[in-house]
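In what follows, a single structure is set out as C-alpha cells and then discussed.
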Amino acid sequence: MLPKSHHSATENLHVSAFETVITPRQLKDAYPLTATAEQTVSKARRAVRSILHGEDDRLLVIAGPCSIHDFDQALTYARKLAALREDVGDQLELVMRVYVDKPRTTVGWRGYLTDPHLNGAYDFSGGLRRTRELMLAINDLGLPVATELLDPFVPQYLFDLLSWVCIGARTAESQTHRVMASAVSAPVGFKNGTSGSLKVAVDAAVAAKGAHAFFTITDDAHACIVHTRGNPDGHVVLRGGQDGPNYSAPNVAEAARLMTQAHLTPAVVVDCSHANSGSDHTRQHLVWDDVLSQRRVGSRVLRGAMIESHLNPGKQSIPADLTDLQYGVSVTDACIGWDETEQLLRAAAEQR
Ligand SMILES: O=C[C@H](O)[C@H](O)COP(=O)(O)O
Ligand SMILES: C=C(OP(=O)(O)O)C(=O)O
C-alpha cells in the first residue's frame, strides 16, 4: 500500500489507501498474445464485422456465463463451446461471454477482474492476471472472447484478446464509455438503457463512430491522451427495459429505422436474457425462438443473439463459506445450463 498524502486538508478525505497495480506491459509480458490467439481474434473480428454489415448471413451468437467466478469452470465451459463451435460454424459464429467486470444496480460482487477471490479483498492485480490467462487460454482453443468494458482503464490490459465488446445498459449513455468505444479494435454493441430507451444505444453508436481524444494510461501506466479514429462497427443490443421486453419484430424494425436515420449500418443483436426474459432463465428460449423465427421470415437486420448460459442452470448467492458454492452455477444473473444451451444452438444450426 502507498501512504496517503498528508499535504492537504482538502483531498483524499474519503480515501483509505492507494495501492500500486500491475502495469499493462507487465501483464502482457507475463501473458503474451500467442500466434493462435492472435489468429482467433483477427479471424473472429473479421467474421463479426461481415455479419454486422450483411456480407455473411450467419447468426452471431454470444453465449456464456453472466459472470466468470471460477477459472477452471470457465475453461470447462469454453472447451464445450469450442467443440460446439466447430459443429455449428457453417450457420453460427459462436463467441464466448467472458464477463469479468460487472456493473451493479446498487452494490454487489463486482466480478472476477476486481475481486477474483470473491471475498471483498479487491485483488485487482490477481484478477487482471487470471483474466488475461483465461482469455488467452480460451482464444488458444480457437474460441473468440466477448466482454463488457466497464472500467475505462481495463481495456489497456485486454484489448488484444477481445473479438466482440459490449457497453452495458448502465453505461451506454456515458461519454467516458462512448469515447473509449471509439478506440476499441473490435466491433462494439451498445445496449439500450435500463429504461428501455433505444435512443441511448443509437446515440452511443453515433458517438463512438466519431474521432475522439481522452485520458488513459500507456502500456507503462503513464498518464496519456489517446487520439482515436472512431469505431465503424457500433451496433445496438436490445435487452428490454422497465416497460418489458423489446425483442419482437416491431422493436427490431424500430431500432433499424433509428440506426438508418443516424447513418449507421442497421444491425441489431437481441439479448435473450435481462429484461427480455424478465431475468428468468427458463424464458430465454422463448426469446431465442423468436429471434430464429424473425430470421426465418427474412429479417436482414437481426444479426445476432446473446444467451446467458453456464454449466448448470439457475443462480446462487455467494455463500460466506466459499466451499459451499454449487459447481457451475452463476453467482450473478440466472443462466440456462449447458444441456439446454447445446440443444438451442444445435437446433438453430439445423433449421437454418
Ligand atoms: O448482468 C448482470 C446484472 O443484471 C447486472 O450486473 C446488474 O445486476 P444487479 O441488478 O444484480 O446489481
Ligand atoms: C450487465 C449486463 O447486461 P445489461 O447491461 O443489459 O444489464 C450483462 O450483459 O451482463
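Chain labels follow the order of the C-alpha cells: the first chain is A, the next B, and so on; residue numbering restarts at 1 in every chain, and ligands are counted from 1 in their shown order.
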Can I get the residues close to ligand 2 as a PyMOL selection string, where close means within 7 Å and we count only C-alpha atoms and all ligand atoms? chain A and resi 66-67+99+102-103+168-170+191+194+239+274
Could you pull out all residues of region 171-276 of chain A with a DSSP call of helix (DSSP H, G or I) and give them as an mmCIF file with N, CA and C atoms, in the first residue's frame?
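Heads up, here's the output in selection.cif:
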data_model
loop_
_atom_site.group_PDB
_atom_site.id
_atom_site.type_symbol
_atom_site.label_atom_id
_atom_site.label_comp_id
_atom_site.auth_asym_id
_atom_site.auth_seq_id
_atom_site.Cartn_x
_atom_site.Cartn_y
_atom_site.Cartn_z
ATOM 1 N N GLN A 175 -20.399 9.364 -21.595
ATOM 2 C CA GLN A 175 -19.415 9.834 -22.577
ATOM 3 C C GLN A 175 -18.088 9.092 -22.425
ATOM 4 N N THR A 176 -17.699 8.831 -21.190
ATOM 5 C CA THR A 176 -16.444 8.108 -20.945
ATOM 6 C C THR A 176 -16.435 6.776 -21.716
ATOM 7 N N HIS A 177 -17.569 6.066 -21.685
ATOM 8 C CA HIS A 177 -17.629 4.761 -22.338
ATOM 9 C C HIS A 177 -17.761 4.889 -23.853
ATOM 10 N N ARG A 178 -18.460 5.924 -24.293
ATOM 11 C CA ARG A 178 -18.602 6.114 -25.739
ATOM 12 C C ARG A 178 -17.253 6.458 -26.381
ATOM 13 N N VAL A 179 -16.491 7.329 -25.745
ATOM 14 C CA VAL A 179 -15.200 7.688 -26.356
ATOM 15 C C VAL A 179 -14.223 6.521 -26.241
ATOM 16 N N MET A 180 -14.326 5.762 -25.147
ATOM 17 C CA MET A 180 -13.497 4.555 -25.028
ATOM 18 C C MET A 180 -13.823 3.592 -26.173
ATOM 19 N N ALA A 181 -15.124 3.427 -26.452
ATOM 20 C CA ALA A 181 -15.543 2.506 -27.521
ATOM 21 C C ALA A 181 -14.990 2.945 -28.879
ATOM 22 N N LEU A 198 -34.109 3.211 -26.666
ATOM 23 C CA LEU A 198 -33.303 2.782 -27.817
ATOM 24 C C LEU A 198 -32.350 3.886 -28.245
ATOM 25 N N LYS A 199 -32.819 5.129 -28.022
ATOM 26 C CA LYS A 199 -32.050 6.287 -28.466
ATOM 27 C C LYS A 199 -30.663 6.301 -27.809
ATOM 28 N N VAL A 200 -30.627 5.866 -26.543
ATOM 29 C CA VAL A 200 -29.343 5.826 -25.823
ATOM 30 C C VAL A 200 -28.325 4.983 -26.594
ATOM 31 N N ALA A 201 -28.788 3.817 -27.081
ATOM 32 C CA ALA A 201 -27.871 2.902 -27.781
ATOM 33 C C ALA A 201 -27.480 3.467 -29.150
ATOM 34 N N VAL A 202 -28.454 4.028 -29.856
ATOM 35 C CA VAL A 202 -28.157 4.564 -31.196
ATOM 36 C C VAL A 202 -27.221 5.774 -31.066
ATOM 37 N N ASP A 203 -27.526 6.660 -30.112
ATOM 38 C CA ASP A 203 -26.650 7.827 -29.890
ATOM 39 C C ASP A 203 -25.228 7.364 -29.540
ATOM 40 N N ALA A 204 -25.136 6.288 -28.756
ATOM 41 C CA ALA A 204 -23.818 5.785 -28.352
ATOM 42 C C ALA A 204 -23.025 5.319 -29.576
ATOM 43 N N ALA A 205 -23.705 4.594 -30.481
ATOM 44 C CA ALA A 205 -23.010 4.100 -31.687
ATOM 45 C C ALA A 205 -22.568 5.273 -32.568
ATOM 46 N N VAL A 206 -23.417 6.304 -32.631
ATOM 47 C CA VAL A 206 -23.049 7.501 -33.415
ATOM 48 C C VAL A 206 -21.811 8.160 -32.785
ATOM 49 N N ALA A 207 -21.862 8.329 -31.456
ATOM 50 C CA ALA A 207 -20.736 8.990 -30.765
ATOM 51 C C ALA A 207 -19.449 8.194 -30.957
ATOM 52 N N ALA A 208 -19.534 6.868 -30.812
ATOM 53 C CA ALA A 208 -18.329 6.028 -30.887
ATOM 54 C C ALA A 208 -17.757 5.972 -32.304
ATOM 55 N N LYS A 209 -18.595 6.279 -33.295
ATOM 56 C CA LYS A 209 -18.117 6.253 -34.686
ATOM 57 C C LYS A 209 -17.188 7.447 -34.968
ATOM 58 N N ALA A 249 -40.392 -8.322 -33.578
ATOM 59 C CA ALA A 249 -40.072 -7.768 -34.903
ATOM 60 C C ALA A 249 -40.280 -6.246 -34.977
ATOM 61 N N PRO A 250 -41.386 -5.704 -34.408
ATOM 62 C CA PRO A 250 -41.531 -4.230 -34.481
ATOM 63 C C PRO A 250 -40.422 -3.492 -33.719
ATOM 64 N N ASN A 251 -39.974 -4.053 -32.591
ATOM 65 C CA ASN A 251 -38.867 -3.432 -31.847
ATOM 66 C C ASN A 251 -37.585 -3.439 -32.679
ATOM 67 N N VAL A 252 -37.323 -4.573 -33.317
ATOM 68 C CA VAL A 252 -36.105 -4.689 -34.137
ATOM 69 C C VAL A 252 -36.189 -3.706 -35.306
ATOM 70 N N ALA A 253 -37.375 -3.621 -35.907
ATOM 71 C CA ALA A 253 -37.543 -2.698 -37.049
ATOM 72 C C ALA A 253 -37.339 -1.255 -36.606
ATOM 73 N N GLU A 254 -37.828 -0.912 -35.415
ATOM 74 C CA GLU A 254 -37.679 0.462 -34.928
ATOM 75 C C GLU A 254 -36.191 0.777 -34.655
ATOM 76 N N ALA A 255 -35.487 -0.194 -34.096
ATOM 77 C CA ALA A 255 -34.043 0.018 -33.861
ATOM 78 C C ALA A 255 -33.334 0.238 -35.192
ATOM 79 N N ALA A 256 -33.699 -0.574 -36.194
ATOM 80 C CA ALA A 256 -33.064 -0.444 -37.518
ATOM 81 C C ALA A 256 -33.396 0.917 -38.140
ATOM 82 N N ARG A 257 -34.641 1.351 -37.946
ATOM 83 C CA ARG A 257 -35.044 2.656 -38.513
ATOM 84 C C ARG A 257 -34.203 3.782 -37.893
ATOM 85 N N LEU A 258 -34.066 3.737 -36.571
ATOM 86 C CA LEU A 258 -33.286 4.793 -35.889
ATOM 87 C C LEU A 258 -31.823 4.760 -36.314
ATOM 88 N N MET A 259 -31.294 3.554 -36.508
ATOM 89 C CA MET A 259 -29.891 3.439 -36.925
ATOM 90 C C MET A 259 -29.712 3.999 -38.340
ATOM 91 N N THR A 260 -30.628 3.659 -39.225
ATOM 92 C CA THR A 260 -30.530 4.144 -40.609
ATOM 93 C C THR A 260 -30.612 5.665 -40.634
ATOM 94 N N GLN A 261 -31.585 6.187 -39.849
ATOM 95 C CA GLN A 261 -31.756 7.646 -39.769
ATOM 96 C C GLN A 261 -30.471 8.323 -39.281
ATOM 97 N N HIS A 274 -31.763 -10.799 -19.323
ATOM 98 C CA HIS A 274 -32.065 -9.485 -18.736
ATOM 99 C C HIS A 274 -33.554 -9.159 -18.869
ATOM 100 N N ALA A 275 -33.903 -7.916 -19.217
ATOM 101 C CA ALA A 275 -35.328 -7.568 -19.210
ATOM 102 C C ALA A 275 -36.103 -8.233 -20.348
ATOM 103 N N ASN A 276 -35.405 -8.846 -21.294
ATOM 104 C CA ASN A 276 -36.137 -9.572 -22.348
ATOM 105 C C ASN A 276 -36.684 -10.907 -21.855
#
Contacts of ligand 1, 12 Å or closer, only C-alpha atoms and all ligand atoms, given as an MDAnalysis selection string: chainID A and resid 64:68 97:111 147:148 150 166:171 191 194 239:241 271:280 306:309 315:317 330:335
Q. Val41 (chain A): which residues within 12 Å, counting only C-alpha atoms, same-chain residues fewer than 6 positions away excluded, as an NGL selection string?
A. :A and (33-35 or 47-48 or 95 or 135-136 or 138-146 or 158-164 or 185-187)
Atoms to include: N, CA and C atoms. Write the selected residues as a CSV table (one decimal), in the first residue's frame.
chain,number,residue,atom,x,y,z
A,33,LEU,N,0.3,-12.4,-26.1
A,33,LEU,CA,-0.6,-12.9,-27.1
A,33,LEU,C,0.1,-14.0,-27.9
A,34,THR,N,-0.5,-15.2,-28.0
A,34,THR,CA,0.1,-16.3,-28.8
A,34,THR,C,-0.3,-16.1,-30.2
A,35,ALA,N,0.4,-16.9,-31.1
A,35,ALA,CA,0.1,-16.8,-32.5
A,35,ALA,C,-1.3,-17.3,-32.7
A,47,ALA,N,-15.1,-11.9,-39.1
A,47,ALA,CA,-16.4,-12.6,-39.3
A,47,ALA,C,-17.5,-11.8,-38.7
A,48,VAL,N,-17.3,-11.2,-37.5
A,48,VAL,CA,-18.3,-10.4,-36.8
A,48,VAL,C,-18.7,-9.2,-37.6
A,95,VAL,N,-19.3,-16.9,-30.1
A,95,VAL,CA,-18.3,-16.2,-29.3
A,95,VAL,C,-18.7,-16.4,-27.8
A,135,MET,N,-8.6,-15.5,-20.7
A,135,MET,CA,-8.9,-15.1,-22.1
A,135,MET,C,-8.0,-15.6,-23.1
A,136,LEU,N,-6.7,-15.7,-22.8
A,136,LEU,CA,-5.7,-16.3,-23.7
A,136,LEU,C,-6.0,-17.8,-23.9
A,138,ILE,N,-8.7,-19.4,-23.7
A,138,ILE,CA,-10.0,-19.6,-24.5
A,138,ILE,C,-9.7,-19.3,-25.9
A,139,ASN,N,-9.0,-18.2,-26.2
A,139,ASN,CA,-8.6,-17.9,-27.6
A,139,ASN,C,-7.7,-19.0,-28.2
A,140,ASP,N,-6.9,-19.6,-27.3
A,140,ASP,CA,-6.0,-20.7,-27.8
A,140,ASP,C,-6.8,-21.9,-28.2
A,141,LEU,N,-8.0,-22.0,-27.7
A,141,LEU,CA,-8.9,-23.1,-28.1
A,141,LEU,C,-9.5,-22.8,-29.5
A,142,GLY,N,-9.3,-21.6,-30.0
A,142,GLY,CA,-9.9,-21.2,-31.2
A,142,GLY,C,-11.3,-20.6,-31.0
A,143,LEU,N,-11.6,-20.3,-29.7
A,143,LEU,CA,-12.9,-19.8,-29.4
A,143,LEU,C,-12.8,-18.3,-29.1
A,144,PRO,N,-13.4,-17.4,-29.8
A,144,PRO,CA,-13.3,-16.0,-29.6
A,144,PRO,C,-14.0,-15.5,-28.3
A,145,VAL,N,-13.5,-14.4,-27.8
A,145,VAL,CA,-14.0,-13.9,-26.5
A,145,VAL,C,-14.7,-12.6,-26.6
A,146,ALA,N,-15.8,-12.5,-25.9
A,146,ALA,CA,-16.6,-11.2,-25.8
A,146,ALA,C,-16.6,-10.8,-24.3
A,158,LEU,N,-6.4,-5.7,-21.9
A,158,LEU,CA,-7.1,-6.8,-22.5
A,158,LEU,C,-7.5,-6.6,-24.0
A,159,PHE,N,-7.4,-5.4,-24.5
A,159,PHE,CA,-7.9,-5.1,-25.8
A,159,PHE,C,-7.6,-6.1,-26.9
A,160,ASP,N,-6.3,-6.6,-26.8
A,160,ASP,CA,-5.9,-7.5,-27.9
A,160,ASP,C,-6.5,-8.9,-27.9
A,161,LEU,N,-7.3,-9.2,-26.9
A,161,LEU,CA,-7.9,-10.5,-26.7
A,161,LEU,C,-9.4,-10.6,-27.0
A,162,LEU,N,-9.9,-9.4,-27.4
A,162,LEU,CA,-11.4,-9.3,-27.5
A,162,LEU,C,-11.9,-9.3,-28.9
A,163,SER,N,-12.9,-10.1,-29.2
A,163,SER,CA,-13.4,-10.1,-30.6
A,163,SER,C,-14.8,-9.4,-30.7
A,164,TRP,N,-15.5,-9.3,-29.6
A,164,TRP,CA,-16.7,-8.5,-29.5
A,164,TRP,C,-16.8,-7.9,-28.2
A,185,SER,N,-10.7,-1.9,-30.9
A,185,SER,CA,-10.4,-2.5,-32.2
A,185,SER,C,-11.4,-3.5,-32.7
A,186,ALA,N,-12.3,-4.0,-31.8
A,186,ALA,CA,-13.3,-5.0,-32.1
A,186,ALA,C,-14.6,-4.2,-32.3
A,187,PRO,N,-15.6,-4.9,-33.0
A,187,PRO,CA,-17.0,-4.4,-33.0
A,187,PRO,C,-17.5,-4.2,-31.6
Practice prompt. Select from region 45-145 of chain A everything DSSP, run on the backbone, classes as strand (DSSP E), then give the selection as JSON, numbers by chain.
Written response: {"A": [59, 60, 61, 62, 63, 64, 92, 93, 94, 95, 96, 97, 145]}
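With only C-alpha atoms as the atoms that count, the minimum distance from Thr282 (chain A) to the choices A:Leu94, A:Ile336, A:Ala320, A:Leu344 is reached by A:Ile336.
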CA of Pro152 (chain A) and CA of His212 (chain A), how far apart in Å?
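For CA of His212 (chain A) relative to CA of Pro152 (chain A), the distance reads 14.4 Å.
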| By how many Å are CA of His310 (chain A) and CA of Gly127 (chain A) apart? |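 Separation between CA of His310 (chain A) and CA of Gly127 (chain A): 20.2 Å.
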For Gln73 (chain A), which residue out of A:Leu322, A:Val297, A:Leu311, A:Leu60 is the nearest one, using only C-alpha atoms?
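The closest residue to Gln73 (chain A) is A:Leu311.
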| Between CA of Lys80 (chain A) and CA of Val291 (chain A), what is the spacing in Å? |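 Those two atoms sit 23.4 Å apart.
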- Message: Using only C-alpha atoms, which protein or nucleic acid residues come within 10 Å of Gln351 (chain A)? Drop anything in the same chain fewer than 2 positions from it, and give the result as a list of chain:residue names.
- Response: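 Surrounding residues, per the criterion: A:Gln91, A:Leu292, A:Arg296, A:Arg346, A:Ala347, A:Ala348, A:Ala349.
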Please produce an output containing N, CA and C atoms for each residue in the selection, written as a PDB file, in the first residue's frame.
ATOM      1  N   GLN A  91     -23.331 -22.232 -39.730  1.00  0.00           N
ATOM      2  CA  GLN A  91     -24.554 -21.452 -39.532  1.00  0.00           C
ATOM      3  C   GLN A  91     -24.405 -20.356 -38.471  1.00  0.00           C
ATOM      4  N   LEU A 292     -35.054 -16.633 -33.990  1.00  0.00           N
ATOM      5  CA  LEU A 292     -34.920 -17.549 -35.128  1.00  0.00           C
ATOM      6  C   LEU A 292     -36.089 -17.407 -36.084  1.00  0.00           C
ATOM      7  N   ARG A 296     -36.101 -16.464 -39.966  1.00  0.00           N
ATOM      8  CA  ARG A 296     -36.707 -17.362 -40.968  1.00  0.00           C
ATOM      9  C   ARG A 296     -37.601 -16.597 -41.939  1.00  0.00           C
ATOM     10  N   ARG A 346     -27.724 -26.228 -31.366  1.00  0.00           N
ATOM     11  CA  ARG A 346     -27.767 -27.255 -32.423  1.00  0.00           C
ATOM     12  C   ARG A 346     -29.056 -27.150 -33.230  1.00  0.00           C
ATOM     13  N   ALA A 347     -30.173 -26.932 -32.526  1.00  0.00           N
ATOM     14  CA  ALA A 347     -31.457 -26.832 -33.235  1.00  0.00           C
ATOM     15  C   ALA A 347     -31.423 -25.636 -34.185  1.00  0.00           C
ATOM     16  N   ALA A 348     -30.840 -24.528 -33.732  1.00  0.00           N
ATOM     17  CA  ALA A 348     -30.765 -23.329 -34.583  1.00  0.00           C
ATOM     18  C   ALA A 348     -29.935 -23.612 -35.826  1.00  0.00           C
ATOM     19  N   ALA A 349     -28.827 -24.310 -35.635  1.00  0.00           N
ATOM     20  CA  ALA A 349     -27.952 -24.597 -36.778  1.00  0.00           C
ATOM     21  C   ALA A 349     -28.629 -25.547 -37.754  1.00  0.00           C
TER      22      ALA A 349
END
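If only C-alpha atoms are the atoms counted, then among A:Ser293, A:Cys224, A:Ala78, A:Val21 the closest residue to Tyr122 (chain A) is A:Val21.
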- Item | Selected residue, from A:His263, A:Arg58, A:Arg129, A:His14, that lies nearest to Gly304 (chain A) when counting only C-alpha atoms |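 Of the candidates, the smallest distance to Gly304 (chain A) is held by A:Arg58.
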For Leu52 (chain A), which residue among A:Asp339, A:Glu93, A:Asp87, A:Asp243 is the nearest when counting only C-alpha atoms?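 Going through A:Asp339, A:Glu93, A:Asp87, A:Asp243 one by one, the smallest distance to Leu52 (chain A) is for A:Glu93.
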Go through region 95-186 of chain A and flag each residue having an atom no more than 7 Å from region 227-233 of chain A; for those, report the closest pair of atoms plus their distance in Å to one decimal, using only C-alpha atoms, ordered by chain and rising number, as JSON lines.
{"residue": "A:Ala181", "atom": "CA", "partner": "A:Asn231", "partner_atom": "CA", "distance": 6.9}
{"residue": "A:Ser182", "atom": "CA", "partner": "A:Gly230", "partner_atom": "CA", "distance": 4.3}
{"residue": "A:Ala183", "atom": "CA", "partner": "A:Thr228", "partner_atom": "CA", "distance": 5.3}
{"residue": "A:Val184", "atom": "CA", "partner": "A:Asn231", "partner_atom": "CA", "distance": 6.8}
File of the preceding selection, N, CA and C atoms, as a short mmCIF file (atom, residue, chain, number, x, y, z; two decimals), in the first residue's frame:
data_model
loop_
_atom_site.label_atom_id
_atom_site.label_comp_id
_atom_site.auth_asym_id
_atom_site.auth_seq_id
_atom_site.Cartn_x
_atom_site.Cartn_y
_atom_site.Cartn_z
N ALA A 181 -15.12 3.43 -26.45
CA ALA A 181 -15.54 2.51 -27.52
C ALA A 181 -14.99 2.94 -28.88
N SER A 182 -14.76 4.25 -29.04
CA SER A 182 -14.24 4.74 -30.32
C SER A 182 -12.81 4.24 -30.56
N ALA A 183 -12.16 3.76 -29.50
CA ALA A 183 -10.78 3.27 -29.62
C ALA A 183 -10.70 1.75 -29.74
N VAL A 184 -11.82 1.07 -29.47
CA VAL A 184 -11.78 -0.40 -29.40
C VAL A 184 -11.59 -1.00 -30.81
#
Counting only C-alpha atoms, closest pick from A:Phe153, A:Gln26, A:Leu128, A:Leu345 relative to Arg85 (chain A) is A:Leu345
